[in-house]
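What follows is the content of input_13.txt, which has compact mmCIF, C-alpha atoms:
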```txt
# COMPACT_ATOMS: atom_id res chain seq x y z
CA MET A 293 300.52 201.17 -73.28
CA LYS A 294 303.60 203.16 -72.48
CA ILE A 295 303.73 206.54 -74.12
CA GLU A 296 307.06 207.97 -75.16
CA ILE A 297 307.00 211.43 -73.72
CA SER A 298 309.88 212.77 -75.79
CA LYS A 299 308.44 211.56 -79.10
CA MET A 300 305.10 212.99 -78.22
CA LEU A 301 306.51 216.37 -77.29
CA GLN A 302 308.62 216.47 -80.45
CA LYS A 303 305.48 215.98 -82.54
CA LYS A 304 303.78 218.85 -80.74
CA LYS A 305 306.65 221.28 -81.08
CA LYS A 306 304.70 223.92 -82.99
CA GLN A 307 301.93 223.77 -80.44
CA ILE A 308 304.37 224.04 -77.53
CA ILE A 309 305.96 227.17 -78.92
CA ASP A 310 302.61 228.76 -79.66
CA LEU A 311 301.30 227.95 -76.23
CA TRP A 312 304.47 229.19 -74.52
CA MET A 313 304.34 232.45 -76.47
CA LYS A 314 300.67 232.83 -75.58
CA ASN A 315 301.47 232.29 -71.89
CA GLN A 316 304.25 234.85 -72.03
CA MET A 317 302.08 237.42 -73.76
CA ALA A 318 299.41 236.95 -71.14
CA ASP A 319 301.90 237.27 -68.29
CA ALA A 320 301.83 240.58 -66.44
CA THR A 321 305.62 240.59 -66.11
CA LEU A 322 306.15 240.61 -69.89
CA ARG A 323 308.78 243.25 -70.64
CA ASP A 324 307.95 244.32 -74.17
CA ASP A 325 309.96 247.45 -73.42
CA LEU A 326 313.15 245.38 -73.20
CA ILE A 327 312.67 242.78 -75.90
CA SER A 328 310.52 242.82 -79.04
CA ASN A 329 307.99 240.06 -79.57
CA GLU A 330 309.83 238.83 -82.66
CA ASP A 331 313.10 238.49 -80.75
CA LEU A 332 311.30 236.81 -77.91
CA ARG A 333 309.74 234.34 -80.31
CA SER A 334 313.02 233.49 -82.04
CA GLN A 335 314.74 233.14 -78.67
CA SER A 336 311.99 230.83 -77.43
CA GLU A 337 311.98 228.81 -80.66
CA GLU A 338 315.72 228.32 -80.49
CA LEU A 339 315.47 226.98 -76.96
CA VAL A 340 312.55 224.64 -77.65
CA ASP A 341 314.29 223.44 -80.82
CA ALA A 342 317.48 222.59 -78.99
CA LEU A 343 315.63 220.95 -76.16
CA LEU A 344 313.33 218.77 -78.23
CA LYS A 345 316.08 217.75 -80.63
CA LYS A 346 318.10 216.21 -77.83
CA LEU A 347 315.27 215.00 -75.66
CA THR A 348 314.86 211.24 -75.30
CA ASP A 349 313.02 209.25 -72.68
CA GLU A 350 316.38 208.17 -71.27
CA ASN A 351 317.92 211.58 -70.67
CA LEU A 352 314.62 213.07 -69.50
CA THR A 353 315.42 211.87 -66.00
CA ASN A 354 319.11 212.61 -66.20
CA ILE A 355 319.53 216.37 -66.05
CA ASP A 356 323.33 216.09 -66.05
CA SER A 357 323.35 214.27 -69.37
CA ALA A 358 325.86 215.59 -71.90
CA ASP A 359 323.00 215.67 -74.44
CA PHE A 360 321.78 218.87 -72.82
CA ASP A 361 325.07 220.74 -73.22
CA ASP A 362 323.65 222.68 -76.18
CA VAL A 363 320.55 223.57 -74.21
CA TYR A 364 322.61 224.75 -71.25
CA GLU A 365 324.73 226.86 -73.55
CA ILE A 366 321.65 228.53 -75.00
CA LEU A 367 320.25 229.02 -71.51
CA GLY A 368 323.50 230.62 -70.35
CA GLY A 369 323.43 232.90 -73.36
CA ILE A 370 319.83 233.88 -72.71
CA SER A 371 320.60 234.56 -69.04
CA ILE A 372 323.58 236.78 -69.82
CA THR A 373 321.96 238.74 -72.63
CA ARG A 374 318.82 239.22 -70.55
CA ALA A 375 320.90 240.42 -67.60
CA ARG A 376 322.57 242.96 -69.91
CA GLN A 377 319.21 244.04 -71.32
CA GLY A 378 318.11 244.83 -67.80
CA PHE A 379 315.91 241.87 -66.93
CA SER A 380 315.84 240.93 -63.27
CA PRO A 381 316.82 237.33 -62.42
CA ARG A 382 313.22 236.80 -61.39
CA GLU A 383 311.96 237.76 -64.84
CA THR A 384 314.43 235.44 -66.53
CA GLY A 385 313.42 232.69 -64.12
CA THR A 386 309.74 233.24 -64.82
CA TYR A 387 310.48 233.08 -68.54
CA ILE A 388 312.01 229.61 -68.25
CA PHE A 389 309.39 228.36 -65.81
CA SER A 390 306.56 229.47 -68.10
CA LEU A 391 307.85 226.88 -70.58
CA LYS A 392 306.94 224.28 -68.00
CA ASP A 393 303.31 225.42 -68.05
CA ALA A 394 303.21 224.99 -71.82
CA LEU A 395 304.79 221.54 -71.69
CA LEU A 396 302.52 220.39 -68.89
CA THR A 397 299.40 221.61 -70.71
CA ILE A 398 300.40 219.54 -73.74
CA LEU A 399 301.07 216.51 -71.56
CA GLN A 400 297.70 216.90 -69.97
CA GLN A 401 295.96 217.02 -73.34
CA GLU A 402 297.78 213.97 -74.60
CA ILE A 403 297.66 211.69 -71.57
CA LYS A 404 294.20 212.49 -70.28
CA ASN A 405 293.17 208.93 -69.67
CA ASP A 406 296.04 207.68 -67.58
CA PRO A 407 296.53 209.71 -64.40
CA ALA A 408 299.41 207.54 -63.18
CA GLN A 409 301.40 208.08 -66.35
CA LEU A 410 300.47 211.75 -66.53
CA TYR A 411 301.73 212.20 -63.01
CA GLU A 412 305.02 210.48 -63.79
CA ALA A 413 305.55 212.50 -66.98
CA THR A 414 304.67 215.75 -65.22
CA LEU A 415 307.19 215.04 -62.49
CA LYS A 416 309.97 214.32 -64.97
CA VAL A 417 309.33 217.39 -67.11
CA SER A 418 309.04 219.59 -64.02
CA LYS A 419 312.40 218.41 -62.73
CA LEU A 420 314.05 219.08 -66.07
CA ILE A 421 312.69 222.60 -66.40
CA ASP A 422 313.50 223.37 -62.75
CA SER A 423 317.08 222.46 -63.44
CA PHE A 424 317.04 224.76 -66.48
CA GLY A 425 315.77 227.56 -64.28
CA ILE A 426 318.61 226.98 -61.85
CA VAL A 427 321.12 227.18 -64.70
CA THR A 428 319.92 230.66 -65.61
CA PHE A 429 320.38 231.77 -62.00
CA GLU A 430 323.82 230.21 -61.78
CA THR A 431 324.91 231.97 -64.95
CA PHE A 432 323.53 235.24 -63.68
CA ILE A 433 325.41 234.93 -60.38
CA LYS A 434 328.58 233.84 -62.14
CA GLY A 435 328.44 236.97 -64.27
CA ARG A 436 328.06 239.10 -61.16
CA GLU A 437 330.89 237.28 -59.38
CA GLU A 438 333.25 237.96 -62.25
CA VAL A 439 332.52 241.66 -61.91
CA ILE A 440 333.16 241.51 -58.15
CA LEU A 441 336.44 239.63 -58.59
CA ARG A 442 337.64 242.15 -61.13
CA GLN A 443 336.73 245.02 -58.83
CA THR A 444 338.47 243.38 -55.88
CA SER A 445 341.72 243.08 -57.74
CA GLU A 446 341.37 246.64 -59.00
CA ILE A 447 340.82 247.91 -55.47
CA THR A 448 343.90 246.13 -54.12
CA GLU A 449 345.92 247.63 -56.90
CA ILE A 450 344.80 251.22 -56.50
CA SER A 451 344.49 251.23 -52.74
CA THR A 452 348.16 251.45 -51.81
CA PRO A 453 349.74 254.40 -53.53
CA VAL A 454 353.09 255.66 -52.29
CA ILE A 455 353.25 259.43 -52.72
CA ARG A 456 356.43 261.44 -52.79
CA VAL A 457 355.41 264.58 -50.94
CA TRP A 458 358.88 266.12 -50.73
CA ASP A 459 362.41 265.27 -51.57
CA GLY A 460 363.18 262.49 -49.10
CA ILE A 461 359.66 262.27 -47.68
CA LEU A 462 357.18 259.57 -48.71
CA ALA A 463 353.54 259.40 -47.68
CA LEU A 464 351.33 256.35 -47.77
CA PRO A 465 347.63 256.85 -47.08
CA ILE A 466 346.03 253.61 -45.97
CA ILE A 467 342.30 253.32 -46.62
CA GLY A 468 340.21 250.40 -45.44
CA THR A 469 341.15 247.41 -43.35
CA LEU A 470 344.74 246.32 -42.95
CA ASP A 471 344.76 242.56 -43.19
CA SER A 472 347.80 240.37 -43.70
CA ALA A 473 347.62 240.43 -47.49
CA ARG A 474 347.14 244.22 -47.61
CA THR A 475 350.04 244.77 -45.20
CA GLN A 476 352.27 242.69 -47.41
CA VAL A 477 351.44 244.87 -50.43
CA VAL A 478 351.80 248.09 -48.43
CA MET A 479 355.14 247.04 -46.99
CA GLU A 480 356.53 245.89 -50.33
CA ASN A 481 355.48 249.10 -52.10
CA LEU A 482 356.82 251.29 -49.33
CA LEU A 483 360.19 249.56 -48.96
CA GLN A 484 360.70 249.48 -52.72
CA GLU A 485 359.86 253.17 -53.00
CA ILE A 486 362.30 253.99 -50.19
CA VAL A 487 365.06 252.34 -52.22
CA ASN A 488 363.95 253.97 -55.48
CA THR A 489 363.76 257.49 -54.13
CA GLY A 490 366.39 257.30 -51.42
CA SER A 491 363.88 258.74 -48.98
CA SER A 492 364.68 258.87 -45.30
CA ILE A 493 361.20 259.51 -43.93
CA ALA A 494 357.96 257.63 -44.54
CA ILE A 495 354.58 258.81 -43.28
CA LEU A 496 351.88 256.16 -42.84
CA ASP A 497 348.51 257.86 -42.70
CA ILE A 498 345.77 255.76 -41.12
CA SER A 499 342.94 258.33 -41.27
CA GLY A 500 341.09 255.95 -43.56
CA VAL A 501 341.42 252.88 -41.36
CA PRO A 502 338.06 252.39 -39.61
CA ALA A 503 339.28 250.34 -36.64
CA VAL A 504 342.69 249.61 -35.20
CA ASP A 505 342.66 246.28 -33.42
CA SER A 506 345.68 244.37 -32.19
CA LEU A 507 346.23 242.68 -35.55
CA VAL A 508 346.25 246.00 -37.42
CA ALA A 509 348.55 247.45 -34.75
CA GLN A 510 350.87 244.50 -35.10
CA HIS A 511 350.99 245.01 -38.86
CA LEU A 512 351.76 248.70 -38.37
CA ILE A 513 354.56 247.94 -35.91
CA LYS A 514 356.03 245.42 -38.35
CA THR A 515 355.95 247.96 -41.17
CA VAL A 516 357.64 250.55 -38.96
CA SER A 517 360.37 248.07 -37.94
CA ALA A 518 361.00 247.10 -41.55
CA THR A 519 361.25 250.76 -42.58
CA ARG A 520 363.77 251.38 -39.80
CA LEU A 521 365.85 248.44 -40.95
CA MET A 522 366.07 250.20 -44.31
CA GLY A 523 367.48 253.21 -42.53
CA ALA A 524 364.41 255.38 -42.82
CA GLU A 525 362.23 256.85 -40.09
CA CYS A 526 358.53 256.09 -40.04
CA ILE A 527 355.80 258.37 -38.74
CA ILE A 528 352.23 257.20 -38.24
CA SER A 529 349.66 259.94 -38.71
CA GLY A 530 345.90 260.26 -38.77
CA ILE A 531 345.24 258.89 -35.29
CA ARG A 532 341.72 259.95 -34.41
CA PRO A 533 340.68 260.56 -30.77
CA GLU A 534 338.49 257.46 -30.60
CA ILE A 535 341.25 255.34 -32.10
CA ALA A 536 343.71 256.69 -29.53
CA GLN A 537 341.39 255.73 -26.66
CA THR A 538 340.76 252.29 -28.08
CA VAL A 539 344.46 251.60 -28.60
CA VAL A 540 345.20 252.59 -25.00
CA HIS A 541 342.44 250.35 -23.65
CA LEU A 542 343.58 247.46 -25.77
CA GLY A 543 347.03 247.90 -24.23
CA ILE A 544 348.94 248.32 -27.47
CA ASP A 545 352.29 249.98 -26.94
CA LEU A 546 353.00 252.45 -29.72
CA SER A 547 355.40 254.56 -27.64
CA ASN A 548 358.37 253.52 -29.77
CA VAL A 549 356.69 254.88 -32.87
CA ILE A 550 356.39 258.57 -33.75
CA THR A 551 352.66 259.22 -34.03
CA LYS A 552 350.81 262.39 -35.03
CA ALA A 553 347.16 263.33 -35.17
CA THR A 554 347.21 264.72 -38.68
CA LEU A 555 349.18 264.33 -41.86
CA ALA A 556 350.03 268.04 -41.63
CA SER A 557 351.74 267.70 -38.27
CA ALA A 558 353.54 264.60 -39.46
CA LEU A 559 354.83 266.54 -42.45
CA LYS A 560 355.91 269.37 -40.16
CA HIS A 561 357.79 266.88 -38.01
CA ALA A 562 359.41 265.41 -41.10
CA TYR A 563 360.56 268.88 -42.17
CA SER A 564 362.10 269.50 -38.78
CA ILE A 565 364.00 266.20 -38.97
CA LEU A 566 365.33 267.20 -42.38
CA GLN A 567 366.01 270.68 -40.99
CA LEU A 568 363.74 272.28 -43.54
CA GLU A 569 361.61 275.32 -42.85
CA VAL A 570 358.42 276.43 -44.54
CA ARG A 571 357.81 280.15 -44.26
CA LYS A 572 355.39 282.69 -45.62
CA LYS A 573 357.01 284.82 -48.26
CA GLN A 574 358.11 288.17 -46.81
CA LEU A 575 357.54 291.06 -49.16
CA ALA A 576 360.31 293.63 -49.21
CA GLN A 577 359.29 296.56 -46.97
CA ASN A 578 360.25 299.18 -49.52
CA SER A 579 357.99 297.86 -52.23
CA SER A 580 354.96 297.94 -49.99
CA LYS A 581 355.60 301.59 -49.08
CA THR A 582 355.76 302.79 -52.65
CA ASN A 583 352.02 302.21 -53.09
CA MET B 1351 310.41 254.08 4.00
CA GLU B 1352 311.80 251.51 1.66
CA LYS B 1353 315.21 252.37 0.43
CA ARG B 1354 315.64 252.11 -3.30
CA THR B 1355 318.88 251.80 -5.12
CA MET B 1356 317.77 252.12 -8.69
CA SER B 1357 320.61 252.80 -11.02
CA MET B 1358 320.56 253.05 -14.78
CA THR B 1359 321.53 249.46 -15.36
CA THR B 1360 319.59 247.30 -12.98
CA GLY B 1361 316.83 244.89 -13.65
CA PRO B 1362 316.50 242.08 -16.11
CA ILE B 1363 318.09 242.23 -19.51
CA THR B 1364 315.60 242.21 -22.37
CA VAL B 1365 316.56 241.41 -25.93
CA LEU B 1366 315.11 243.83 -28.47
CA ASN B 1367 316.64 242.56 -31.66
CA LYS B 1368 318.58 239.51 -32.80
CA ASP B 1369 320.83 238.96 -35.76
CA LYS B 1370 322.84 235.83 -36.51
CA MET B 1371 325.83 235.82 -38.81
CA PRO B 1372 328.28 233.02 -39.58
CA VAL B 1373 331.95 233.96 -39.86
CA VAL B 1374 334.07 231.36 -41.63
CA LYS B 1375 336.61 233.29 -43.66
CA GLU B 1376 338.63 236.47 -43.40
CA GLN B 1377 336.37 238.22 -45.91
CA ASP B 1378 333.51 237.92 -43.41
CA VAL B 1379 335.23 240.13 -40.83
CA VAL B 1380 334.54 243.49 -42.44
CA PRO B 1381 330.83 242.84 -43.21
CA PHE B 1382 330.39 241.62 -39.64
CA ARG B 1383 332.04 244.74 -38.24
CA ASN B 1384 329.86 246.93 -40.41
CA ARG B 1385 326.78 245.11 -39.16
CA VAL B 1386 327.85 245.73 -35.54
CA LYS B 1387 328.45 249.37 -36.38
CA GLU B 1388 324.99 249.64 -37.95
CA TYR B 1389 323.32 248.41 -34.76
CA ALA B 1390 325.50 250.58 -32.55
CA THR B 1391 324.61 253.65 -34.60
CA LYS B 1392 320.94 252.71 -34.51
CA ILE B 1393 320.80 252.78 -30.71
CA GLY B 1394 322.70 256.06 -30.69
CA MET B 1395 325.99 254.87 -29.22
CA GLY B 1396 328.69 257.54 -29.15
CA LEU B 1397 331.67 257.44 -31.47
CA VAL B 1398 334.21 256.41 -28.82
CA ASN B 1399 332.12 253.56 -27.43
CA GLN B 1400 331.22 252.54 -30.95
CA THR B 1401 334.89 252.31 -31.90
CA LYS B 1402 335.64 250.36 -28.73
CA LEU B 1403 332.84 247.90 -29.45
CA ILE B 1404 333.83 247.46 -33.07
CA THR B 1405 337.46 246.94 -32.13
CA ALA B 1406 336.46 244.38 -29.50
CA ALA B 1407 334.24 242.62 -32.04
CA SER B 1408 337.08 242.64 -34.51
CA GLU B 1409 339.49 241.09 -31.99
CA LEU B 1410 337.09 238.34 -31.00
CA VAL B 1411 336.04 237.50 -34.52
CA ARG B 1412 339.66 237.26 -35.60
CA ASN B 1413 340.41 234.99 -32.65
CA MET B 1414 337.51 232.82 -33.66
CA LEU B 1415 338.82 232.57 -37.22
CA ARG B 1416 342.40 231.97 -36.25
CA TYR B 1417 342.03 229.56 -33.37
CA GLY B 1418 338.51 228.18 -33.73
CA ASN B 1419 338.27 227.75 -37.51
CA GLY B 1420 335.40 230.19 -37.68
CA GLY B 1421 332.01 229.97 -36.06
CA GLU B 1422 328.77 231.74 -35.44
CA THR B 1423 328.20 235.27 -34.21
CA LEU B 1424 325.08 236.71 -32.69
CA ILE B 1425 324.39 240.43 -32.48
CA GLU B 1426 321.68 241.48 -30.05
CA VAL B 1427 320.28 244.83 -29.09
CA VAL B 1428 319.62 244.51 -25.35
CA SER B 1429 318.13 246.79 -22.76
CA LYS B 1430 318.41 246.79 -19.00
CA GLY B 1431 316.48 249.39 -17.09
CA ARG B 1432 316.83 252.56 -19.06
CA GLU B 1433 320.12 251.65 -20.66
CA ASN B 1434 320.46 250.16 -24.13
CA GLY B 1435 323.41 248.24 -25.38
CA ILE B 1436 324.77 245.72 -27.82
CA ARG B 1437 325.50 242.15 -26.83
CA LEU B 1438 327.72 240.03 -29.04
CA THR B 1439 328.07 236.28 -28.77
CA PHE B 1440 330.86 234.38 -30.51
CA THR B 1441 330.57 230.62 -30.63
CA ASP B 1442 333.12 228.34 -32.21
CA LYS B 1443 333.64 224.59 -32.24
CA GLY B 1444 337.41 224.84 -32.15
CA PRO B 1445 339.95 223.16 -29.87
CA GLY B 1446 338.99 225.29 -26.84
CA ILE B 1447 341.25 227.14 -24.41
CA PRO B 1448 342.94 224.90 -21.82
CA ASN B 1449 343.91 227.69 -19.43
CA ILE B 1450 341.59 230.69 -19.54
CA ASP B 1451 343.44 232.58 -16.77
CA GLN B 1452 346.60 232.42 -18.80
CA ALA B 1453 344.80 233.45 -22.02
CA MET B 1454 343.38 236.48 -20.21
CA LYS B 1455 346.89 237.71 -19.29
CA ASP B 1456 348.45 240.55 -21.26
CA GLY B 1457 351.10 239.39 -23.66
CA PHE B 1458 350.24 235.71 -23.69
CA SER B 1459 349.77 234.20 -27.11
CA THR B 1460 349.99 230.71 -28.54
CA GLY B 1461 350.17 232.26 -31.99
CA LYS B 1462 352.66 234.93 -32.94
CA SER B 1463 350.41 237.86 -32.08
CA LEU B 1464 350.74 240.62 -29.50
CA GLY B 1465 348.71 238.63 -26.98
CA LEU B 1466 346.36 241.50 -26.31
CA GLY B 1467 343.20 240.16 -27.94
CA LEU B 1468 341.31 238.74 -24.97
CA PRO B 1469 342.57 240.97 -22.12
CA GLY B 1470 342.36 244.04 -24.35
CA THR B 1471 338.82 243.19 -25.37
CA LYS B 1472 337.81 242.84 -21.73
CA ARG B 1473 339.01 246.40 -21.10
CA LEU B 1474 337.07 247.70 -24.10
CA VAL B 1475 333.63 246.35 -23.19
CA SER B 1476 331.28 246.70 -20.22
CA GLU B 1477 330.70 243.02 -19.59
CA PHE B 1478 332.83 240.08 -20.63
CA ASP B 1479 332.19 236.39 -20.24
CA ILE B 1480 334.18 233.48 -21.62
CA LYS B 1481 333.44 229.79 -21.46
CA SER B 1482 335.58 227.15 -23.03
CA ILE B 1483 335.64 223.38 -23.02
CA VAL B 1484 338.75 221.75 -24.43
CA GLY B 1485 337.87 219.76 -27.52
CA GLN B 1486 334.39 221.24 -27.80
CA GLY B 1487 334.80 224.93 -28.41
CA THR B 1488 334.68 228.40 -26.95
CA THR B 1489 331.90 230.90 -26.37
CA VAL B 1490 332.59 234.54 -25.64
CA VAL B 1491 329.80 236.95 -24.71
CA VAL B 1492 330.47 240.67 -24.48
CA THR B 1493 328.09 243.55 -23.78
CA LYS B 1494 328.71 247.21 -24.36
CA TRP B 1495 326.24 249.66 -22.85
CA LYS B 1496 325.47 252.81 -24.77
CA ASN B 1497 326.91 254.95 -22.00
CA GLY B 1498 329.13 252.37 -20.36
```
I need this file expressed as structure tokens, please.
Amino acid sequence: MKIEISKMLQKKKKQIIDLWMKNQMADATLRDDLISNEDLRSQSEELVDALLKKLTDENLTNIDSADFDDVYEILGGISITRARQGFSPRETGTYIFSLKDALLTILQQEIKNDPAQLYEATLKVSKLIDSFGIVTFETFIKGREEVILRQTSEITEISTPVIRVWDGILALPIIGTLDSARTQVVMENLLQEIVNTGSSIAILDISGVPAVDSLVAQHLIKTVSATRLMGAECIISGIRPEIAQTVVHLGIDLSNVITKATLASALKHAYSILQLEVRKKQLAQNSSKTN
Amino acid sequence: MEKRTMSMTTGPITVLNKDKMPVVKEQDVVPFRNRVKEYATKIGMGLVNQTKLITAASELVRNMLRYGNGGETLIEVVSKGRENGIRLTFTDKGPGIPNIDQAMKDGFSTGKSLGLGLPGTKRLVSEFDIKSIVGQGTTVVVTKWKNG
């Protein structure tokens, strides 16, 4: 006689939930500090409810079946709320997999006398629950990825500020790696700012660039050329000793570009181009004698 | 008496540590460079040599991405005599380089770059080896000794 697994499990719903709860309570990884037992029970009941309602012997072997959409939704919700509550993905995974133990125990009780059928049913249920476990992981990772994507776009946005240090002098500190996309943003911001402010000198500070390879150098040279085409002069500052040696060994020719070791000396150079002078304030000699 | 010419870097090369890392997209470049830096710092390589090694690694990994559609990198901590160093291996299954002599010349590029990648890298590292078979791929092995 062929037993209908889904019908059988549906009849034993109460028992399944009780057994699952018992398993969870006995588990050493139970986090009663993060979730109360009542919440845990209602969460578990909701999941078992949704699962057993949709479970038939046909879709038991088809984990992609649209019947399980509700279940997947609940699983996703559980995964996200648990992640927020501070559960590790392992704990959430263990939670789902402990349902398998409960289901398998019931199967074992019901189909004691037919090992072949018990084996088949066990295999099917295992596969289904495994796939549920994977869903919780996927949701967890997706949540993390969204955070990373948001941060990436935030970083690109904040990482290329154009600072007006003096009338006619712009400074652009570059931090991190200059790849093609970054260079594009840097160049656009810089050229636009040159137009907006009518500046005639731009200082590119590369103190925060960890390595200057030929691609980075090429991007720098391009930026300098573009700035010159706009009628402004470009100074590259923040060249560290080790970067200088590396650039020489690589054979990159930066002799057409004004380069300085520090932002301060670049600024000084910019002042001299604009024929400005920064001096310490001289106190009148008379006033100092009156003391 | 037997005359001995023992220098710091003679004898067989022994591999102390191995680390494989695939590089298939531009976002992999920075993590790879950081990994190289980590190993270089661990063996106590000076800042200048470290920067040279990282720059060389950066050049080669970019070449691999641009011309070889990405590939596999291998970072090894090697020792030879009393000298420690880092050996990097870059393997791609790209189109290969038909004329290596030409590719090793300053200013030669099939792309629109400065053409300094390969010759520049050779000047930055202690040992440089390139093998390429057209249609099968390219392997570049570079070694930078701690004090080399």
Closest pair table for chain B residues within 7 Å of chain A, only C-alpha atoms, as a tab-separated table:
```
residue	atom	partner	partner_atom	distance
B:Leu1397	CA	A:Glu534	CA	6.9
B:Val1398	CA	A:Glu534	CA	4.8
B:Thr1401	CA	A:Glu534	CA	6.4
B:Lys1402	CA	A:Thr538	CA	5.5
B:Thr1405	CA	A:Asp505	CA	5.4
B:Ser1408	CA	A:Asp505	CA	6.8
B:Glu1409	CA	A:Asp505	CA	6.2
B:Leu1464	CA	A:Gln510	CA	6.8
B:Leu1466	CA	A:Ser506	CA	6.6
B:Gly1467	CA	A:Ser506	CA	6.5
B:Gly1470	CA	A:Leu542	CA	3.9
B:Thr1471	CA	A:Leu542	CA	6.4
B:Arg1473	CA	A:His541	CA	5.8
B:Leu1474	CA	A:His541	CA	6.0
```
Please write the residues from the selection above to a file, keeping C-alpha atoms, as a compact mmCIF listing (two decimals), in the coordinates of the input.
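Writing done, so here's again_36.txt:
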```
# COMPACT_ATOMS: atom_id res chain seq x y z
CA LEU B 1397 331.67 257.44 -31.47
CA VAL B 1398 334.21 256.41 -28.82
CA THR B 1401 334.89 252.31 -31.90
CA LYS B 1402 335.64 250.36 -28.73
CA THR B 1405 337.46 246.94 -32.13
CA SER B 1408 337.08 242.64 -34.51
CA GLU B 1409 339.49 241.09 -31.99
CA LEU B 1464 350.74 240.62 -29.50
CA LEU B 1466 346.36 241.50 -26.31
CA GLY B 1467 343.20 240.16 -27.94
CA GLY B 1470 342.36 244.04 -24.35
CA THR B 1471 338.82 243.19 -25.37
CA ARG B 1473 339.01 246.40 -21.10
CA LEU B 1474 337.07 247.70 -24.10
```
### Task
Find the residues around range 428-437 of chain A up to 9 Å (all atoms listed in the file counted), leave out those fewer than 5 positions away in its own chain, and share them as an MDAnalysis selection string.
chainID A and resid 364 367:372 375 381:382 384:385 388 423 442
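Distance-wise, CA of Ile1393 in chain B and CA of Glu1433 in chain B end up 10.1 Å apart.
CA of Ser334 in chain A is found 18.9 Å from CA of Gly378 in chain A.
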### Task
Could you give me, as a PyMOL selection string, the residues within 12 Å of range 520-531 of chain A, counting all atoms listed in the file and dropping anything in the same chain fewer than 6 positions from it?
chain A and resi 460-467+479+482-504+509+512-514+537-539+546-562+565-566
Hey, can you spit out that residue selection with C-alpha atoms as a JSON list (two decimals), in the coordinates of the input?
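Saved to again05.json:
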```json
[["chain", "number", "residue", "atom", "x", "y", "z"],
["A", 460, "GLY", "CA", 363.18, 262.49, -49.10],
["A", 461, "ILE", "CA", 359.66, 262.27, -47.68],
["A", 462, "LEU", "CA", 357.18, 259.57, -48.71],
["A", 463, "ALA", "CA", 353.54, 259.40, -47.68],
["A", 464, "LEU", "CA", 351.33, 256.35, -47.77],
["A", 465, "PRO", "CA", 347.63, 256.85, -47.08],
["A", 466, "ILE", "CA", 346.03, 253.61, -45.97],
["A", 467, "ILE", "CA", 342.30, 253.32, -46.62],
["A", 479, "MET", "CA", 355.14, 247.04, -46.99],
["A", 482, "LEU", "CA", 356.82, 251.29, -49.33],
["A", 483, "LEU", "CA", 360.19, 249.56, -48.96],
["A", 484, "GLN", "CA", 360.70, 249.48, -52.72],
["A", 485, "GLU", "CA", 359.86, 253.17, -53.00],
["A", 486, "ILE", "CA", 362.30, 253.99, -50.19],
["A", 487, "VAL", "CA", 365.06, 252.34, -52.22],
["A", 488, "ASN", "CA", 363.95, 253.97, -55.48],
["A", 489, "THR", "CA", 363.76, 257.49, -54.13],
["A", 490, "GLY", "CA", 366.39, 257.30, -51.42],
["A", 491, "SER", "CA", 363.88, 258.74, -48.98],
["A", 492, "SER", "CA", 364.68, 258.87, -45.30],
["A", 493, "ILE", "CA", 361.20, 259.51, -43.93],
["A", 494, "ALA", "CA", 357.96, 257.63, -44.54],
["A", 495, "ILE", "CA", 354.58, 258.81, -43.28],
["A", 496, "LEU", "CA", 351.88, 256.16, -42.84],
["A", 497, "ASP", "CA", 348.51, 257.86, -42.70],
["A", 498, "ILE", "CA", 345.77, 255.76, -41.12],
["A", 499, "SER", "CA", 342.94, 258.33, -41.27],
["A", 500, "GLY", "CA", 341.09, 255.95, -43.56],
["A", 501, "VAL", "CA", 341.42, 252.88, -41.36],
["A", 502, "PRO", "CA", 338.06, 252.39, -39.61],
["A", 503, "ALA", "CA", 339.28, 250.34, -36.64],
["A", 504, "VAL", "CA", 342.69, 249.61, -35.20],
["A", 509, "ALA", "CA", 348.55, 247.45, -34.75],
["A", 512, "LEU", "CA", 351.76, 248.70, -38.37],
["A", 513, "ILE", "CA", 354.56, 247.94, -35.91],
["A", 514, "LYS", "CA", 356.03, 245.42, -38.35],
["A", 537, "GLN", "CA", 341.39, 255.73, -26.66],
["A", 538, "THR", "CA", 340.76, 252.29, -28.08],
["A", 539, "VAL", "CA", 344.46, 251.60, -28.60],
["A", 546, "LEU", "CA", 353.00, 252.45, -29.72],
["A", 547, "SER", "CA", 355.40, 254.56, -27.64],
["A", 548, "ASN", "CA", 358.37, 253.52, -29.77],
["A", 549, "VAL", "CA", 356.69, 254.88, -32.87],
["A", 550, "ILE", "CA", 356.39, 258.57, -33.75],
["A", 551, "THR", "CA", 352.66, 259.22, -34.03],
["A", 552, "LYS", "CA", 350.81, 262.39, -35.03],
["A", 553, "ALA", "CA", 347.16, 263.33, -35.17],
["A", 554, "THR", "CA", 347.21, 264.72, -38.68],
["A", 555, "LEU", "CA", 349.18, 264.33, -41.86],
["A", 556, "ALA", "CA", 350.03, 268.04, -41.63],
["A", 557, "SER", "CA", 351.74, 267.70, -38.27],
["A", 558, "ALA", "CA", 353.54, 264.60, -39.46],
["A", 559, "LEU", "CA", 354.83, 266.54, -42.45],
["A", 560, "LYS", "CA", 355.91, 269.37, -40.16],
["A", 561, "HIS", "CA", 357.79, 266.88, -38.01],
["A", 562, "ALA", "CA", 359.41, 265.41, -41.10],
["A", 565, "ILE", "CA", 364.00, 266.20, -38.97],
["A", 566, "LEU", "CA", 365.33, 267.20, -42.38]]
```
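Counting only C-alpha atoms, the residue from A:Lys346, A:Leu322, A:Ser418, A:Ile426 that sits nearest to Glu383 in chain A is A:Leu322.
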### Query
Distance CA of Phe424 in chain A-CA of Asp406 in chain A, one decimal place?
27.1 Å
